[in-house]
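> Handing you a structure now.
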Amino acid sequence: QPHIIKNKMISVWKKRGVISEDYSKLYDDYLLINKCELCEVVLEGKGRNKKCLDHDHTTGLFRNVLCNNCNWTVRRNI
(Lines give C-alpha, C1' and ligand atoms only; values in the text may rest on other atoms or scores of the structure.)
Protein backbone atom coordinates (compact mmCIF):
# COMPACT_ATOMS: atom_id res chain seq x y z
CA GLN A 1 0.00 0.00 0.00
CA PRO A 2 1.46 3.36 -1.08
CA HIS A 3 0.94 5.24 2.20
CA ILE A 4 2.67 2.48 4.18
CA ILE A 5 5.66 2.54 1.83
CA LYS A 6 5.79 6.34 2.03
CA ASN A 7 5.69 6.34 5.84
CA LYS A 8 8.35 3.63 6.03
CA MET A 9 10.68 5.53 3.65
CA ILE A 10 10.25 8.79 5.58
CA SER A 11 10.91 6.95 8.84
CA VAL A 12 14.17 5.54 7.43
CA TRP A 13 15.25 9.01 6.27
CA LYS A 14 14.58 10.44 9.73
CA LYS A 15 16.56 7.63 11.40
CA ARG A 16 19.47 8.36 9.05
CA GLY A 17 19.39 12.02 10.07
CA VAL A 18 17.73 13.62 7.04
CA ILE A 19 16.09 16.92 7.97
CA SER A 20 13.28 18.43 5.89
CA GLU A 21 10.59 21.02 6.50
CA ASP A 22 8.12 18.89 4.50
CA TYR A 23 8.88 15.15 4.35
CA SER A 24 5.74 14.48 2.33
CA LYS A 25 6.83 16.88 -0.43
CA LEU A 26 10.37 15.51 -0.28
CA TYR A 27 9.01 12.00 -0.79
CA ASP A 28 6.82 13.08 -3.72
CA ASP A 29 9.78 14.89 -5.34
CA TYR A 30 11.99 11.83 -4.71
CA LEU A 31 9.52 9.66 -6.61
CA LEU A 32 9.40 12.06 -9.58
CA ILE A 33 13.17 12.32 -10.05
CA ASN A 34 14.36 9.58 -12.39
CA LYS A 35 17.89 10.83 -13.21
CA CYS A 36 20.87 11.49 -10.97
CA GLU A 37 21.10 15.21 -10.30
CA LEU A 38 24.90 15.11 -10.80
CA CYS A 39 25.70 12.69 -13.63
CA GLU A 40 22.17 12.34 -15.10
CA VAL A 41 22.29 8.54 -15.27
CA VAL A 42 18.83 6.94 -15.24
CA LEU A 43 18.03 5.81 -11.70
CA GLU A 44 16.88 2.23 -11.62
CA GLY A 45 17.38 -0.98 -9.76
CA LYS A 46 20.28 -1.65 -7.44
CA GLY A 47 24.01 -1.14 -7.49
CA ARG A 48 25.59 1.90 -9.17
CA ASN A 49 22.29 3.27 -10.52
CA LYS A 50 20.30 2.85 -7.31
CA LYS A 51 18.40 6.00 -6.28
CA CYS A 52 19.80 7.65 -3.14
CA LEU A 53 18.66 10.61 -1.08
CA ASP A 54 21.83 12.65 -0.47
CA HIS A 55 22.05 14.77 2.67
CA ASP A 56 24.68 16.68 4.61
CA HIS A 57 25.79 14.38 7.43
CA THR A 58 26.67 17.37 9.64
CA THR A 59 23.47 19.42 9.28
CA GLY A 60 21.11 16.65 8.13
CA LEU A 61 19.75 18.86 5.35
CA PHE A 62 18.66 17.26 2.07
CA ARG A 63 20.89 18.10 -0.92
CA ASN A 64 20.05 16.00 -3.99
CA VAL A 65 18.72 12.76 -5.36
CA LEU A 66 21.75 10.90 -6.67
CA CYS A 67 22.76 7.56 -8.08
CA ASN A 68 24.57 5.31 -5.60
CA ASN A 69 27.88 5.93 -7.38
CA CYS A 70 27.67 9.74 -7.09
CA ASN A 71 26.36 9.49 -3.52
CA TRP A 72 29.47 7.53 -2.46
CA THR A 73 31.76 9.84 -4.44
CA VAL A 74 30.29 12.94 -2.77
CA ARG A 75 30.53 11.30 0.66
CA ARG A 76 34.22 10.41 0.17
CA ASN A 77 35.13 13.90 -1.01
CA ILE A 78 33.63 15.79 1.94
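Numbering starts fresh at 1 for the residues of each chain in the C-alpha coordinates, the chains themselves are lettered A, B, ... in the order given, and ligands are numbered from 1 as they appear.
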Hey, what does DSSP flag as strand (DSSP E or B) within chain A? Can you give it to me as a PyMOL selection string?

chain A and resi 19+35+42+51-55+61-67

> Near Val65 (chain A), counting only C-alpha atoms, which residues have an atom at most 9 Å away, once you skip same-chain residues fewer than 3 positions from it, shown as a short mmCIF file (atom, residue, chain, number, x, y, z; two decimals) with N, CA and C atoms, in the first residue's frame?


```cif
data_model
loop_
_atom_site.label_atom_id
_atom_site.label_comp_id
_atom_site.auth_asym_id
_atom_site.auth_seq_id
_atom_site.Cartn_x
_atom_site.Cartn_y
_atom_site.Cartn_z
N TYR A 30 11.09 12.98 -4.58
CA TYR A 30 11.99 11.83 -4.71
C TYR A 30 11.43 10.83 -5.73
N ILE A 33 11.83 12.20 -9.47
CA ILE A 33 13.17 12.32 -10.05
C ILE A 33 13.63 10.95 -10.54
N ASN A 34 13.95 10.87 -11.83
CA ASN A 34 14.36 9.58 -12.39
C ASN A 34 15.78 9.60 -12.97
N LYS A 35 16.49 10.73 -12.78
CA LYS A 35 17.89 10.83 -13.21
C LYS A 35 18.71 11.42 -12.08
N CYS A 36 19.95 10.95 -11.96
CA CYS A 36 20.87 11.49 -10.97
C CYS A 36 21.05 12.98 -11.22
N GLU A 37 20.99 13.76 -10.15
CA GLU A 37 21.10 15.21 -10.30
C GLU A 37 22.54 15.68 -10.49
N LEU A 38 23.51 14.75 -10.48
CA LEU A 38 24.90 15.11 -10.80
C LEU A 38 25.31 14.58 -12.17
N LYS A 51 18.79 4.65 -6.69
CA LYS A 51 18.40 6.00 -6.28
C LYS A 51 18.71 6.22 -4.81
N CYS A 52 19.41 7.32 -4.51
CA CYS A 52 19.80 7.65 -3.14
C CYS A 52 19.38 9.08 -2.80
N LEU A 53 18.97 9.28 -1.57
CA LEU A 53 18.66 10.61 -1.08
C LEU A 53 19.92 11.13 -0.39
N ASP A 54 20.59 12.10 -1.01
CA ASP A 54 21.83 12.65 -0.47
C ASP A 54 21.51 13.75 0.53
N HIS A 55 22.23 13.73 1.66
CA HIS A 55 22.05 14.77 2.67
C HIS A 55 23.38 15.07 3.33
N PHE A 62 18.73 17.89 3.39
CA PHE A 62 18.66 17.26 2.07
C PHE A 62 19.43 18.09 1.04
N ASN A 71 26.56 9.33 -4.95
CA ASN A 71 26.36 9.49 -3.52
C ASN A 71 27.63 9.10 -2.76
#
```

> Skipping near chain neighbours, those fewer than 6 positions away, what residues fall within 6 Å of Asn68 (chain A) using only C-alpha atoms, listed as a PDB file with all heavy atoms, in the first residue's frame?


```pdb
ATOM      1  N   ARG A  48      25.115   0.552  -8.836  1.00  0.00           N
ATOM      2  CA  ARG A  48      25.586   1.896  -9.172  1.00  0.00           C
ATOM      3  C   ARG A  48      24.459   2.872  -9.493  1.00  0.00           C
ATOM      4  O   ARG A  48      24.577   4.058  -9.233  1.00  0.00           O
ATOM      5  CB  ARG A  48      26.548   1.820 -10.359  1.00  0.00           C
ATOM      6  CG  ARG A  48      27.826   1.099 -10.052  1.00  0.00           C
ATOM      7  CD  ARG A  48      28.684   0.958 -11.291  1.00  0.00           C
ATOM      8  NE  ARG A  48      29.044   2.256 -11.823  1.00  0.00           N
ATOM      9  CZ  ARG A  48      30.226   2.798 -11.717  1.00  0.00           C
ATOM     10  NH1 ARG A  48      31.187   2.162 -11.097  1.00  0.00           N
ATOM     11  NH2 ARG A  48      30.477   3.977 -12.234  1.00  0.00           N
ATOM     12  N   ASN A  49      23.381   2.387 -10.094  1.00  0.00           N
ATOM     13  CA  ASN A  49      22.289   3.268 -10.523  1.00  0.00           C
ATOM     14  C   ASN A  49      21.121   3.327  -9.536  1.00  0.00           C
ATOM     15  O   ASN A  49      20.055   3.837  -9.863  1.00  0.00           O
ATOM     16  CB  ASN A  49      21.780   2.846 -11.889  1.00  0.00           C
ATOM     17  CG  ASN A  49      22.823   3.024 -12.968  1.00  0.00           C
ATOM     18  OD1 ASN A  49      23.911   3.533 -12.723  1.00  0.00           O
ATOM     19  ND2 ASN A  49      22.508   2.596 -14.162  1.00  0.00           N
ATOM     20  N   LYS A  50      21.334   2.807  -8.341  1.00  0.00           N
ATOM     21  CA  LYS A  50      20.301   2.855  -7.305  1.00  0.00           C
ATOM     22  C   LYS A  50      20.039   4.306  -6.910  1.00  0.00           C
ATOM     23  O   LYS A  50      20.952   5.119  -6.789  1.00  0.00           O
ATOM     24  CB  LYS A  50      20.774   2.062  -6.090  1.00  0.00           C
ATOM     25  CG  LYS A  50      19.839   2.108  -4.921  1.00  0.00           C
ATOM     26  CD  LYS A  50      20.458   1.370  -3.748  1.00  0.00           C
ATOM     27  CE  LYS A  50      19.671   1.647  -2.490  1.00  0.00           C
ATOM     28  NZ  LYS A  50      20.361   1.111  -1.322  1.00  0.00           N
ATOM     29  N   CYS A  52      19.413   7.325  -4.509  1.00  0.00           N
ATOM     30  CA  CYS A  52      19.795   7.653  -3.137  1.00  0.00           C
ATOM     31  C   CYS A  52      19.383   9.084  -2.801  1.00  0.00           C
ATOM     32  O   CYS A  52      19.487   9.970  -3.642  1.00  0.00           O
ATOM     33  CB  CYS A  52      21.305   7.540  -2.952  1.00  0.00           C
ATOM     34  SG  CYS A  52      21.955   5.877  -3.210  1.00  0.00           S
TER      35      CYS A  52
END
```

> As a PyMOL selection string, list the residues of region 2-77 of chain A assigned to alpha helix (DSSP H) by DSSP on the backbone atoms of this structure.

chain A and resi 2-15+23-32+68-76

> Restricting the calculation to only C-alpha atoms: of A:Ile19, A:Lys6, A:Cys39, A:Asp28, which residue gets closest to Thr73 (chain A)?

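So, comparing all the options, the nearest one is A:Cys39.
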
> Quick one, how far is CA of Trp72 (chain A) from CA of His3 (chain A)?

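Value for the CA of Trp72 (chain A)-CA of His3 (chain A) distance: 29.0 Å.
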
> Excluding same-chain residues fewer than 4 positions from Asp22 (chain A), what lies within 12 Å of it counting only C-alpha atoms, as a list in words?

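Neighbouring residues, sequence-local ones excluded: Ile10, Lys14, Val18, Leu26, Tyr27, Asp28, Asp29, Leu61 and Phe62 of chain A.
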
> Take CA of Leu32 (chain A) and CA of Trp13 (chain A) and report the distance between them in Å, one decimal.

17.2 Å
